[in-house]
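The file query13.cif comes next; it holds mmCIF, N, CA and C atoms.
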```cif
data_structure
#
loop_
_atom_site.label_atom_id
_atom_site.label_comp_id
_atom_site.auth_asym_id
_atom_site.auth_seq_id
_atom_site.Cartn_x
_atom_site.Cartn_y
_atom_site.Cartn_z
N MET V 291 0.82 -1.19 0.00
CA MET V 291 0.00 0.00 0.00
C MET V 291 0.88 1.26 0.00
N THR V 292 1.92 1.27 0.79
CA THR V 292 2.84 2.41 0.86
C THR V 292 3.51 2.63 -0.49
N LYS V 293 3.84 1.55 -1.14
CA LYS V 293 4.48 1.61 -2.46
C LYS V 293 3.55 2.27 -3.48
N GLU V 294 2.28 1.87 -3.46
CA GLU V 294 1.30 2.44 -4.38
C GLU V 294 1.07 3.92 -4.08
N LEU V 295 1.04 4.28 -2.82
CA LEU V 295 0.84 5.68 -2.42
C LEU V 295 1.99 6.55 -2.91
N LYS V 296 3.23 6.06 -2.80
CA LYS V 296 4.39 6.81 -3.28
C LYS V 296 4.34 6.98 -4.79
N LYS V 297 3.95 5.92 -5.48
CA LYS V 297 3.83 5.97 -6.95
C LYS V 297 2.79 7.02 -7.36
N LEU V 298 1.66 7.01 -6.68
CA LEU V 298 0.59 7.97 -6.96
C LEU V 298 1.05 9.39 -6.66
N SER V 299 1.79 9.57 -5.56
CA SER V 299 2.30 10.90 -5.20
C SER V 299 3.24 11.44 -6.27
N ARG V 300 4.10 10.57 -6.81
CA ARG V 300 5.01 11.00 -7.89
C ARG V 300 4.23 11.43 -9.12
N ARG V 301 3.19 10.69 -9.44
CA ARG V 301 2.37 11.05 -10.61
C ARG V 301 1.70 12.41 -10.42
N VAL V 302 1.16 12.63 -9.23
CA VAL V 302 0.48 13.90 -8.97
C VAL V 302 1.47 15.05 -9.06
N ARG V 303 2.68 14.89 -8.53
CA ARG V 303 3.68 15.95 -8.60
C ARG V 303 4.13 16.23 -10.02
N SER V 304 4.06 15.24 -10.90
CA SER V 304 4.52 15.43 -12.28
C SER V 304 3.51 16.15 -13.15
N VAL V 305 2.27 16.24 -12.71
CA VAL V 305 1.26 16.95 -13.48
C VAL V 305 1.49 18.45 -13.35
N LYS V 306 1.43 19.15 -14.48
CA LYS V 306 1.74 20.59 -14.47
C LYS V 306 0.49 21.45 -14.63
N GLY V 307 -0.62 20.99 -14.10
CA GLY V 307 -1.84 21.80 -14.14
C GLY V 307 -2.40 22.00 -15.53
N GLY V 308 -2.16 21.08 -16.45
CA GLY V 308 -2.74 21.17 -17.78
C GLY V 308 -1.85 21.82 -18.81
N LYS V 309 -0.82 22.54 -18.39
CA LYS V 309 0.05 23.21 -19.35
C LYS V 309 0.98 22.19 -19.98
N GLY V 310 1.05 22.20 -21.27
CA GLY V 310 1.98 21.34 -21.97
C GLY V 310 1.57 19.87 -22.03
N ILE V 311 0.34 19.56 -21.66
CA ILE V 311 -0.09 18.17 -21.73
C ILE V 311 -0.23 17.79 -23.20
N GLU V 312 0.45 16.75 -23.58
CA GLU V 312 0.46 16.32 -24.97
C GLU V 312 -0.95 15.96 -25.44
N GLY V 313 -1.31 16.46 -26.60
CA GLY V 313 -2.60 16.14 -27.19
C GLY V 313 -3.69 17.14 -26.88
N LEU V 314 -3.47 18.09 -25.99
CA LEU V 314 -4.51 19.06 -25.63
C LEU V 314 -4.17 20.49 -26.04
N ASN V 315 -3.04 20.69 -26.65
CA ASN V 315 -2.64 22.02 -27.09
C ASN V 315 -3.39 22.42 -28.36
N TYR V 316 -3.40 23.71 -28.62
CA TYR V 316 -4.04 24.26 -29.82
C TYR V 316 -3.57 23.54 -31.08
N GLU V 317 -2.28 23.36 -31.17
CA GLU V 317 -1.68 22.73 -32.36
C GLU V 317 -2.14 21.28 -32.53
N ASP V 318 -2.45 20.61 -31.42
CA ASP V 318 -2.88 19.21 -31.47
C ASP V 318 -4.35 19.09 -31.89
N LEU V 319 -5.16 20.04 -31.52
CA LEU V 319 -6.61 19.91 -31.71
C LEU V 319 -7.18 20.72 -32.86
N CYS V 320 -6.49 21.75 -33.29
CA CYS V 320 -7.01 22.61 -34.35
C CYS V 320 -6.67 22.02 -35.73
N ILE V 321 -7.62 22.08 -36.64
CA ILE V 321 -7.42 21.48 -37.96
C ILE V 321 -6.52 22.35 -38.85
N GLN V 322 -6.58 23.64 -38.74
CA GLN V 322 -5.76 24.54 -39.54
C GLN V 322 -5.14 25.58 -38.62
N THR V 323 -4.03 25.22 -37.99
CA THR V 323 -3.43 26.10 -36.97
C THR V 323 -2.86 27.39 -37.54
N ASP V 324 -2.46 27.37 -38.79
CA ASP V 324 -1.82 28.55 -39.37
C ASP V 324 -2.77 29.42 -40.17
N VAL V 325 -4.06 29.17 -40.07
CA VAL V 325 -5.04 29.93 -40.85
C VAL V 325 -5.76 30.93 -39.96
N GLU V 326 -5.75 32.16 -40.40
CA GLU V 326 -6.50 33.21 -39.73
C GLU V 326 -7.60 33.66 -40.69
N LEU V 327 -8.76 33.94 -40.15
CA LEU V 327 -9.84 34.44 -41.00
C LEU V 327 -9.52 35.88 -41.39
N PRO V 328 -9.95 36.29 -42.59
CA PRO V 328 -9.68 37.67 -43.03
C PRO V 328 -10.22 38.68 -42.02
N GLU V 329 -9.52 39.78 -41.88
CA GLU V 329 -9.92 40.82 -40.95
C GLU V 329 -11.33 41.29 -41.27
N GLY V 330 -12.16 41.36 -40.27
CA GLY V 330 -13.53 41.80 -40.44
C GLY V 330 -14.49 40.73 -40.92
N TYR V 331 -13.98 39.54 -41.22
CA TYR V 331 -14.84 38.46 -41.70
C TYR V 331 -15.67 37.90 -40.55
N LYS V 332 -16.96 37.84 -40.78
CA LYS V 332 -17.86 37.24 -39.80
C LYS V 332 -18.40 35.95 -40.39
N PRO V 333 -18.08 34.81 -39.78
CA PRO V 333 -18.58 33.54 -40.31
C PRO V 333 -20.10 33.55 -40.37
N PRO V 334 -20.66 33.00 -41.44
CA PRO V 334 -22.11 32.98 -41.57
C PRO V 334 -22.75 32.00 -40.58
N LYS V 335 -24.05 32.11 -40.45
CA LYS V 335 -24.80 31.15 -39.64
C LYS V 335 -25.09 29.97 -40.56
N PHE V 336 -24.45 28.84 -40.28
CA PHE V 336 -24.57 27.67 -41.13
C PHE V 336 -25.82 26.86 -40.80
N GLU V 337 -26.34 26.18 -41.83
CA GLU V 337 -27.34 25.14 -41.60
C GLU V 337 -26.61 24.04 -40.86
N MET V 338 -27.20 23.50 -39.83
CA MET V 338 -26.52 22.50 -39.01
C MET V 338 -26.83 21.08 -39.50
N PHE V 339 -25.81 20.26 -39.49
CA PHE V 339 -25.95 18.84 -39.86
C PHE V 339 -25.74 18.02 -38.59
N ASP V 340 -26.75 17.20 -38.26
CA ASP V 340 -26.68 16.43 -37.02
C ASP V 340 -26.53 14.93 -37.24
N SER V 341 -26.16 14.55 -38.43
CA SER V 341 -25.95 13.16 -38.87
C SER V 341 -27.20 12.56 -39.49
N THR V 342 -28.30 13.31 -39.52
CA THR V 342 -29.48 12.84 -40.23
C THR V 342 -29.64 13.70 -41.47
N GLY V 343 -30.25 13.17 -42.48
CA GLY V 343 -30.40 13.92 -43.71
C GLY V 343 -29.27 13.61 -44.69
N ASP V 344 -29.31 14.27 -45.79
CA ASP V 344 -28.38 14.03 -46.89
C ASP V 344 -27.08 14.81 -46.69
N PRO V 345 -25.95 14.13 -46.50
CA PRO V 345 -24.69 14.86 -46.28
C PRO V 345 -24.25 15.67 -47.50
N LYS V 346 -24.60 15.20 -48.69
CA LYS V 346 -24.22 15.95 -49.89
C LYS V 346 -25.02 17.26 -49.97
N ALA V 347 -26.28 17.20 -49.60
CA ALA V 347 -27.09 18.42 -49.56
C ALA V 347 -26.53 19.38 -48.51
N HIS V 348 -26.05 18.85 -47.41
CA HIS V 348 -25.44 19.70 -46.38
C HIS V 348 -24.20 20.41 -46.95
N LEU V 349 -23.38 19.66 -47.69
CA LEU V 349 -22.18 20.27 -48.27
C LEU V 349 -22.55 21.37 -49.25
N ARG V 350 -23.61 21.18 -50.01
CA ARG V 350 -24.04 22.23 -50.94
C ARG V 350 -24.45 23.50 -50.21
N THR V 351 -25.24 23.35 -49.15
CA THR V 351 -25.65 24.54 -48.40
C THR V 351 -24.46 25.17 -47.70
N TYR V 352 -23.52 24.35 -47.27
CA TYR V 352 -22.31 24.86 -46.63
C TYR V 352 -21.50 25.70 -47.62
N TYR V 353 -21.29 25.17 -48.82
CA TYR V 353 -20.55 25.93 -49.85
C TYR V 353 -21.23 27.26 -50.15
N ASP V 354 -22.55 27.24 -50.24
CA ASP V 354 -23.29 28.46 -50.59
C ASP V 354 -23.11 29.55 -49.54
N LYS V 355 -22.88 29.19 -48.31
CA LYS V 355 -22.71 30.18 -47.24
C LYS V 355 -21.31 30.79 -47.22
N LEU V 356 -20.36 30.20 -47.93
CA LEU V 356 -18.97 30.65 -47.86
C LEU V 356 -18.63 31.71 -48.91
N VAL V 357 -19.53 32.62 -49.13
CA VAL V 357 -19.31 33.69 -50.10
C VAL V 357 -18.08 34.50 -49.70
N GLY V 358 -17.16 34.66 -50.64
CA GLY V 358 -15.97 35.46 -50.41
C GLY V 358 -14.76 34.69 -49.90
N VAL V 359 -14.98 33.55 -49.25
CA VAL V 359 -13.84 32.78 -48.72
C VAL V 359 -13.90 31.31 -49.14
N GLY V 360 -14.93 30.93 -49.86
CA GLY V 360 -15.15 29.52 -50.20
C GLY V 360 -14.07 28.89 -51.06
N LYS V 361 -13.35 29.69 -51.82
CA LYS V 361 -12.30 29.11 -52.67
C LYS V 361 -11.04 28.79 -51.88
N ASN V 362 -10.95 29.30 -50.67
CA ASN V 362 -9.79 29.03 -49.81
C ASN V 362 -10.03 27.72 -49.05
N GLU V 363 -9.34 26.68 -49.48
CA GLU V 363 -9.53 25.34 -48.92
C GLU V 363 -9.28 25.30 -47.42
N GLN V 364 -8.28 26.01 -46.95
CA GLN V 364 -7.96 25.99 -45.52
C GLN V 364 -9.07 26.62 -44.68
N ILE V 365 -9.66 27.68 -45.18
CA ILE V 365 -10.77 28.31 -44.45
C ILE V 365 -11.99 27.41 -44.48
N ARG V 366 -12.26 26.77 -45.62
CA ARG V 366 -13.37 25.80 -45.69
C ARG V 366 -13.21 24.73 -44.62
N MET V 367 -11.99 24.22 -44.50
CA MET V 367 -11.74 23.16 -43.51
C MET V 367 -11.89 23.69 -42.09
N LYS V 368 -11.40 24.88 -41.85
CA LYS V 368 -11.43 25.45 -40.50
C LYS V 368 -12.87 25.72 -40.06
N LEU V 369 -13.72 26.17 -40.96
CA LEU V 369 -15.09 26.53 -40.59
C LEU V 369 -16.07 25.35 -40.60
N PHE V 370 -15.69 24.24 -41.20
CA PHE V 370 -16.63 23.13 -41.38
C PHE V 370 -17.23 22.66 -40.06
N MET V 371 -16.45 22.60 -39.02
CA MET V 371 -16.94 22.13 -37.73
C MET V 371 -18.11 22.98 -37.24
N ARG V 372 -18.16 24.24 -37.62
CA ARG V 372 -19.24 25.13 -37.19
C ARG V 372 -20.58 24.77 -37.81
N SER V 373 -20.57 23.87 -38.80
CA SER V 373 -21.82 23.48 -39.44
C SER V 373 -22.32 22.12 -38.94
N LEU V 374 -21.66 21.58 -37.92
CA LEU V 374 -22.02 20.26 -37.41
C LEU V 374 -22.56 20.36 -35.99
N THR V 375 -23.45 19.44 -35.67
CA THR V 375 -24.01 19.37 -34.33
C THR V 375 -24.32 17.91 -33.99
N GLY V 376 -24.61 17.64 -32.76
CA GLY V 376 -25.02 16.29 -32.35
C GLY V 376 -24.00 15.22 -32.68
N ASP V 377 -24.50 14.10 -33.24
CA ASP V 377 -23.63 12.97 -33.56
C ASP V 377 -22.57 13.32 -34.61
N ALA V 378 -22.93 14.19 -35.55
CA ALA V 378 -21.96 14.59 -36.58
C ALA V 378 -20.79 15.35 -35.95
N LEU V 379 -21.09 16.23 -35.02
CA LEU V 379 -20.04 16.96 -34.33
C LEU V 379 -19.19 16.02 -33.47
N SER V 380 -19.84 15.09 -32.80
CA SER V 380 -19.11 14.11 -32.00
C SER V 380 -18.16 13.30 -32.87
N TRP V 381 -18.64 12.89 -34.04
CA TRP V 381 -17.78 12.15 -34.97
C TRP V 381 -16.58 13.00 -35.37
N TYR V 382 -16.83 14.24 -35.75
CA TYR V 382 -15.77 15.13 -36.20
C TYR V 382 -14.71 15.32 -35.11
N ILE V 383 -15.17 15.58 -33.90
CA ILE V 383 -14.25 15.83 -32.79
C ILE V 383 -13.41 14.59 -32.47
N SER V 384 -13.97 13.41 -32.70
CA SER V 384 -13.23 12.18 -32.40
C SER V 384 -12.14 11.86 -33.43
N GLN V 385 -12.12 12.59 -34.53
CA GLN V 385 -11.14 12.35 -35.58
C GLN V 385 -9.81 13.05 -35.26
N ASN V 386 -8.75 12.52 -35.81
CA ASN V 386 -7.45 13.18 -35.70
C ASN V 386 -7.36 14.20 -36.84
N PRO V 387 -7.36 15.50 -36.52
CA PRO V 387 -7.37 16.51 -37.58
C PRO V 387 -6.14 16.47 -38.48
N LYS V 388 -5.06 15.89 -38.01
CA LYS V 388 -3.83 15.83 -38.81
C LYS V 388 -3.95 14.83 -39.97
N LYS V 389 -4.95 13.94 -39.92
CA LYS V 389 -5.08 12.96 -40.99
C LYS V 389 -5.67 13.58 -42.26
N TRP V 390 -6.28 14.75 -42.12
CA TRP V 390 -6.87 15.41 -43.27
C TRP V 390 -5.88 16.42 -43.85
N SER V 391 -5.24 16.05 -44.93
CA SER V 391 -4.26 16.94 -45.55
C SER V 391 -4.91 17.97 -46.45
N ASN V 392 -6.15 17.72 -46.85
CA ASN V 392 -6.85 18.67 -47.72
C ASN V 392 -8.36 18.50 -47.56
N TRP V 393 -9.10 19.40 -48.20
CA TRP V 393 -10.56 19.42 -48.11
C TRP V 393 -11.17 18.10 -48.61
N VAL V 394 -10.66 17.60 -49.71
CA VAL V 394 -11.23 16.38 -50.30
C VAL V 394 -11.09 15.20 -49.34
N SER V 395 -9.96 15.08 -48.66
CA SER V 395 -9.81 13.96 -47.74
C SER V 395 -10.77 14.08 -46.56
N MET V 396 -11.00 15.29 -46.08
CA MET V 396 -11.92 15.50 -44.97
C MET V 396 -13.36 15.21 -45.40
N VAL V 397 -13.76 15.75 -46.54
CA VAL V 397 -15.13 15.57 -47.02
C VAL V 397 -15.38 14.12 -47.44
N SER V 398 -14.36 13.44 -47.93
CA SER V 398 -14.51 12.02 -48.27
C SER V 398 -14.82 11.21 -47.02
N ASP V 399 -14.11 11.49 -45.93
CA ASP V 399 -14.40 10.81 -44.66
C ASP V 399 -15.81 11.13 -44.18
N PHE V 400 -16.20 12.40 -44.31
CA PHE V 400 -17.54 12.84 -43.91
C PHE V 400 -18.61 12.08 -44.72
N MET V 401 -18.42 12.02 -46.02
CA MET V 401 -19.39 11.31 -46.87
C MET V 401 -19.40 9.81 -46.57
N ASP V 402 -18.23 9.22 -46.34
CA ASP V 402 -18.17 7.79 -46.00
C ASP V 402 -18.96 7.52 -44.72
N LYS V 403 -18.83 8.40 -43.75
CA LYS V 403 -19.50 8.20 -42.47
C LYS V 403 -21.01 8.36 -42.56
N PHE V 404 -21.48 9.35 -43.33
CA PHE V 404 -22.90 9.68 -43.30
C PHE V 404 -23.66 9.40 -44.59
N SER V 405 -23.04 8.76 -45.55
CA SER V 405 -23.73 8.50 -46.83
C SER V 405 -24.87 7.50 -46.68
N PHE V 406 -24.90 6.73 -45.59
CA PHE V 406 -26.01 5.79 -45.39
C PHE V 406 -27.35 6.54 -45.37
N ASN V 407 -27.34 7.82 -44.99
CA ASN V 407 -28.58 8.60 -44.97
C ASN V 407 -29.18 8.77 -46.36
N MET V 408 -28.35 8.81 -47.37
CA MET V 408 -28.83 9.01 -48.74
C MET V 408 -29.50 7.76 -49.27
N GLU V 409 -29.04 6.60 -48.83
CA GLU V 409 -29.56 5.34 -49.34
C GLU V 409 -30.98 5.06 -48.85
N TYR V 410 -31.30 5.48 -47.64
CA TYR V 410 -32.57 5.11 -47.05
C TYR V 410 -33.55 6.26 -46.86
N ALA V 411 -33.16 7.44 -47.23
CA ALA V 411 -34.04 8.59 -47.03
C ALA V 411 -35.09 8.65 -48.13
N PRO V 412 -36.35 8.39 -47.79
CA PRO V 412 -37.40 8.46 -48.81
C PRO V 412 -37.67 9.92 -49.19
N ASN V 413 -38.00 10.13 -50.45
CA ASN V 413 -38.32 11.50 -50.86
C ASN V 413 -39.81 11.77 -50.64
N VAL V 414 -40.22 13.00 -50.81
CA VAL V 414 -41.60 13.41 -50.55
C VAL V 414 -42.56 12.66 -51.47
N PHE V 415 -42.20 12.50 -52.73
CA PHE V 415 -43.07 11.80 -53.68
C PHE V 415 -43.34 10.38 -53.22
N TYR V 416 -42.31 9.69 -52.75
CA TYR V 416 -42.47 8.31 -52.28
C TYR V 416 -43.40 8.26 -51.07
N ILE V 417 -43.22 9.17 -50.14
CA ILE V 417 -44.04 9.18 -48.92
C ILE V 417 -45.49 9.50 -49.24
N GLN V 418 -45.72 10.44 -50.14
CA GLN V 418 -47.09 10.82 -50.49
C GLN V 418 -47.85 9.67 -51.14
N ASN V 419 -47.13 8.82 -51.84
CA ASN V 419 -47.78 7.73 -52.56
C ASN V 419 -47.81 6.41 -51.79
N LEU V 420 -47.39 6.41 -50.56
CA LEU V 420 -47.44 5.20 -49.75
C LEU V 420 -48.89 4.85 -49.43
N LYS V 421 -49.27 3.62 -49.66
CA LYS V 421 -50.61 3.17 -49.33
C LYS V 421 -50.52 1.77 -48.74
N LYS V 422 -51.37 1.52 -47.79
CA LYS V 422 -51.40 0.20 -47.17
C LYS V 422 -51.99 -0.79 -48.16
N LYS V 423 -51.26 -1.88 -48.37
CA LYS V 423 -51.75 -2.94 -49.26
C LYS V 423 -52.79 -3.76 -48.51
N PRO V 424 -53.78 -4.28 -49.22
CA PRO V 424 -54.83 -5.06 -48.56
C PRO V 424 -54.29 -6.28 -47.79
N THR V 425 -53.17 -6.82 -48.23
CA THR V 425 -52.62 -8.01 -47.58
C THR V 425 -51.73 -7.68 -46.39
N GLU V 426 -51.41 -6.39 -46.18
CA GLU V 426 -50.52 -5.98 -45.09
C GLU V 426 -51.30 -5.73 -43.81
N THR V 427 -50.70 -6.08 -42.69
CA THR V 427 -51.26 -5.66 -41.41
C THR V 427 -50.81 -4.22 -41.18
N PHE V 428 -51.45 -3.53 -40.27
CA PHE V 428 -51.05 -2.15 -40.02
C PHE V 428 -49.60 -2.06 -39.51
N PRO V 429 -49.18 -2.94 -38.54
CA PRO V 429 -47.76 -2.86 -38.11
C PRO V 429 -46.77 -3.07 -39.25
N GLU V 430 -47.09 -3.95 -40.20
CA GLU V 430 -46.20 -4.16 -41.35
C GLU V 430 -46.13 -2.89 -42.19
N TYR V 431 -47.28 -2.28 -42.43
CA TYR V 431 -47.35 -1.05 -43.21
C TYR V 431 -46.58 0.08 -42.51
N ALA V 432 -46.77 0.20 -41.22
CA ALA V 432 -46.17 1.30 -40.46
C ALA V 432 -44.64 1.19 -40.38
N THR V 433 -44.12 -0.03 -40.41
CA THR V 433 -42.68 -0.18 -40.28
C THR V 433 -41.97 -0.33 -41.60
N TYR V 434 -42.67 -0.33 -42.70
CA TYR V 434 -42.06 -0.45 -44.01
C TYR V 434 -41.53 0.84 -44.42
#
```

Go ahead and render the structure in this file as C-alpha cells.
Amino acid sequence: MTKELKKLSRRVRSVKGGKGIEGLNYEDLCIQTDVELPEGYKPPKFEMFDSTGDPKAHLRTYYDKLVGVGKNEQIRMKLFMRSLTGDALSWYISQNPKKWSNWVSMVSDFMDKFSFNMEYAPNVFYIQNLKKKPTETFPEYATY
C-alpha cells in the first residue's frame, strides 16, 4: 500500500496543471493552426448537420454560405466544424485533424461516415404515394 501511495504521489507531482499536456494544445486539436480568418470576416450562420439527412445536400448549403472565402480550402476546412451538431459533431471531434491533408480527404471521410442517410431517405413523392396494401397488417405497413 505504501508503495502504491508513493507511486501515486510521484504522478500527482509530475502533473503541471494542464500546461503542456500532450494532445490538448491548440496545435494538437485545431485542424488549420496557421489559418486566420480575413480581418472583419464574420462567419455565416450555417445550416446545421446532425448526422441525419443528406450529407451531400449539407455540403451544398455549406458551400453556398462561404461567399468570399469559399475558394480558400484551408478556411473551408477550418469553418466546417461550425456546421455540425449532435452525432456529426461528436464524430468530427473524435477524428485526428492531422489525418486530413486537404478538403477532399476530410469531405470524403464525412461522406463515408454519413452516406447511409442518402440510401434510405425516402423522398416526398415516395411518402405521399405510400398506401397500405390489402394483404398488409397495419404494423407491417407502419414499419415499411

Inset, instruction - Go ahead and compute the interatomic distance for atom N of Lys361 in chain V and CA of Pro328 in chain V, in Å to one decimal. - result: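 Separating atom N of Lys361 in chain V from CA of Pro328 in chain V is a distance of 12.4 Å.
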
Set up a box along x, y and z of the file covering all listed atoms of range 419-424 of chain V, add 3 Å on every one of the six sides, and write the centre and edge lengths in Å to one decimal, as JSON.
```
{"center_x": -51.0, "center_y": 1.3, "center_z": -49.9, "size_x": 13.7, "size_y": 21.1, "size_z": 11.4}
```

Determine the residue set returned by the PyMOL selection byres ((chain V and resi 334) around 8) for the present structure, and present it as a PDB file with N, CA and C atoms, in the coordinates of the input.
```pdb
ATOM      1  N   TYR V 331     -13.980  39.540 -41.220  1.00  0.00           N
ATOM      2  CA  TYR V 331     -14.840  38.460 -41.700  1.00  0.00           C
ATOM      3  C   TYR V 331     -15.670  37.900 -40.550  1.00  0.00           C
ATOM      4  N   LYS V 332     -16.960  37.840 -40.780  1.00  0.00           N
ATOM      5  CA  LYS V 332     -17.860  37.240 -39.800  1.00  0.00           C
ATOM      6  C   LYS V 332     -18.400  35.950 -40.390  1.00  0.00           C
ATOM      7  N   PRO V 333     -18.080  34.810 -39.780  1.00  0.00           N
ATOM      8  CA  PRO V 333     -18.580  33.540 -40.310  1.00  0.00           C
ATOM      9  C   PRO V 333     -20.100  33.550 -40.370  1.00  0.00           C
ATOM     10  N   LYS V 335     -24.050  32.110 -40.450  1.00  0.00           N
ATOM     11  CA  LYS V 335     -24.800  31.150 -39.640  1.00  0.00           C
ATOM     12  C   LYS V 335     -25.090  29.970 -40.560  1.00  0.00           C
ATOM     13  N   PHE V 336     -24.450  28.840 -40.280  1.00  0.00           N
ATOM     14  CA  PHE V 336     -24.570  27.670 -41.130  1.00  0.00           C
ATOM     15  C   PHE V 336     -25.820  26.860 -40.800  1.00  0.00           C
ATOM     16  N   GLU V 337     -26.340  26.180 -41.830  1.00  0.00           N
ATOM     17  CA  GLU V 337     -27.340  25.140 -41.600  1.00  0.00           C
ATOM     18  C   GLU V 337     -26.610  24.040 -40.860  1.00  0.00           C
ATOM     19  N   LYS V 355     -22.880  29.190 -48.310  1.00  0.00           N
ATOM     20  CA  LYS V 355     -22.710  30.180 -47.240  1.00  0.00           C
ATOM     21  C   LYS V 355     -21.310  30.790 -47.220  1.00  0.00           C
ATOM     22  N   LEU V 356     -20.360  30.200 -47.930  1.00  0.00           N
ATOM     23  CA  LEU V 356     -18.970  30.650 -47.860  1.00  0.00           C
ATOM     24  C   LEU V 356     -18.630  31.710 -48.910  1.00  0.00           C
ATOM     25  N   VAL V 357     -19.530  32.620 -49.130  1.00  0.00           N
ATOM     26  CA  VAL V 357     -19.310  33.690 -50.100  1.00  0.00           C
ATOM     27  C   VAL V 357     -18.080  34.500 -49.700  1.00  0.00           C
TER      28      VAL V 357
END
```

Inset, instruction - Provide the atom N of Trp390 in chain V to atom N of Glu329 in chain V distance in Å, to one decimal place. - result: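 These atoms are spaced 25.2 Å apart.
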
Legend entry - Between atom C of Asn407 in chain V and atom C of Arg350 in chain V, distance in Å (one decimal): 15.9 Å

Inset, instruction - Enumerate the residues of range 387-425 of chain V with a DSSP assignment of helix (DSSP H, G or I), computed from the backbone, and present them as a list in words. - result: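 DSSP on the backbone gives helix (DSSP H, G or I) at Pro387, Lys388, Lys389, Trp393, Val394, Ser395, Met396, Val397, Ser398, Asp399, Phe400, Met401, Asp402, Lys403, Phe404, Phe406, Asn407, Met408, Glu409, Tyr410, Val414, Phe415, Tyr416, Ile417 and Gln418 of chain V.
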
Inset, instruction - Any chance you could resolve the PyMOL selection byres ((chain V and resi 372) around 8) against this file and give the residues as a list in words? - result: Lys335, Phe336, Glu337, Met338, Phe339, Met367, Lys368, Leu369, Phe370, Met371, Ser373, Leu374 and Thr375 of chain V

Can you turn the PyMOL selection byres (((chain V and resi 385 and name CA) around 12) and name CA) into a concrete residue list for this file, as a JSON list (two decimals) with N, CA and C atoms, in the coordinates of the input?
```
[["chain", "number", "residue", "atom", "x", "y", "z"],
["V", 318, "ASP", "N", -2.45, 20.61, -31.42],
["V", 318, "ASP", "CA", -2.88, 19.21, -31.47],
["V", 318, "ASP", "C", -4.35, 19.09, -31.89],
["V", 319, "LEU", "N", -5.16, 20.04, -31.52],
["V", 319, "LEU", "CA", -6.61, 19.91, -31.71],
["V", 319, "LEU", "C", -7.18, 20.72, -32.86],
["V", 320, "CYS", "N", -6.49, 21.75, -33.29],
["V", 320, "CYS", "CA", -7.01, 22.61, -34.35],
["V", 320, "CYS", "C", -6.67, 22.02, -35.73],
["V", 321, "ILE", "N", -7.62, 22.08, -36.64],
["V", 321, "ILE", "CA", -7.42, 21.48, -37.96],
["V", 321, "ILE", "C", -6.52, 22.35, -38.85],
["V", 371, "MET", "N", -16.45, 22.60, -39.02],
["V", 371, "MET", "CA", -16.94, 22.13, -37.73],
["V", 371, "MET", "C", -18.11, 22.98, -37.24],
["V", 378, "ALA", "N", -22.93, 14.19, -35.55],
["V", 378, "ALA", "CA", -21.96, 14.59, -36.58],
["V", 378, "ALA", "C", -20.79, 15.35, -35.95],
["V", 379, "LEU", "N", -21.09, 16.23, -35.02],
["V", 379, "LEU", "CA", -20.04, 16.96, -34.33],
["V", 379, "LEU", "C", -19.19, 16.02, -33.47],
["V", 380, "SER", "N", -19.84, 15.09, -32.80],
["V", 380, "SER", "CA", -19.11, 14.11, -32.00],
["V", 380, "SER", "C", -18.16, 13.30, -32.87],
["V", 381, "TRP", "N", -18.64, 12.89, -34.04],
["V", 381, "TRP", "CA", -17.78, 12.15, -34.97],
["V", 381, "TRP", "C", -16.58, 13.00, -35.37],
["V", 382, "TYR", "N", -16.83, 14.24, -35.75],
["V", 382, "TYR", "CA", -15.77, 15.13, -36.20],
["V", 382, "TYR", "C", -14.71, 15.32, -35.11],
["V", 383, "ILE", "N", -15.17, 15.58, -33.90],
["V", 383, "ILE", "CA", -14.25, 15.83, -32.79],
["V", 383, "ILE", "C", -13.41, 14.59, -32.47],
["V", 384, "SER", "N", -13.97, 13.41, -32.70],
["V", 384, "SER", "CA", -13.23, 12.18, -32.40],
["V", 384, "SER", "C", -12.14, 11.86, -33.43],
["V", 386, "ASN", "N", -8.75, 12.52, -35.81],
["V", 386, "ASN", "CA", -7.45, 13.18, -35.70],
["V", 386, "ASN", "C", -7.36, 14.20, -36.84],
["V", 387, "PRO", "N", -7.36, 15.50, -36.52],
["V", 387, "PRO", "CA", -7.37, 16.51, -37.58],
["V", 387, "PRO", "C", -6.14, 16.47, -38.48],
["V", 388, "LYS", "N", -5.06, 15.89, -38.01],
["V", 388, "LYS", "CA", -3.83, 15.83, -38.81],
["V", 388, "LYS", "C", -3.95, 14.83, -39.97],
["V", 389, "LYS", "N", -4.95, 13.94, -39.92],
["V", 389, "LYS", "CA", -5.08, 12.96, -40.99],
["V", 389, "LYS", "C", -5.67, 13.58, -42.26],
["V", 390, "TRP", "N", -6.28, 14.75, -42.12],
["V", 390, "TRP", "CA", -6.87, 15.41, -43.27],
["V", 390, "TRP", "C", -5.88, 16.42, -43.85],
["V", 396, "MET", "N", -11.00, 15.29, -46.08],
["V", 396, "MET", "CA", -11.92, 15.50, -44.97],
["V", 396, "MET", "C", -13.36, 15.21, -45.40],
["V", 399, "ASP", "N", -14.11, 11.49, -45.93],
["V", 399, "ASP", "CA", -14.40, 10.81, -44.66],
["V", 399, "ASP", "C", -15.81, 11.13, -44.18],
["V", 400, "PHE", "N", -16.20, 12.40, -44.31],
["V", 400, "PHE", "CA", -17.54, 12.84, -43.91],
["V", 400, "PHE", "C", -18.61, 12.08, -44.72],
["V", 403, "LYS", "N", -18.83, 8.40, -43.75],
["V", 403, "LYS", "CA", -19.50, 8.20, -42.47],
["V", 403, "LYS", "C", -21.01, 8.36, -42.56]]
```
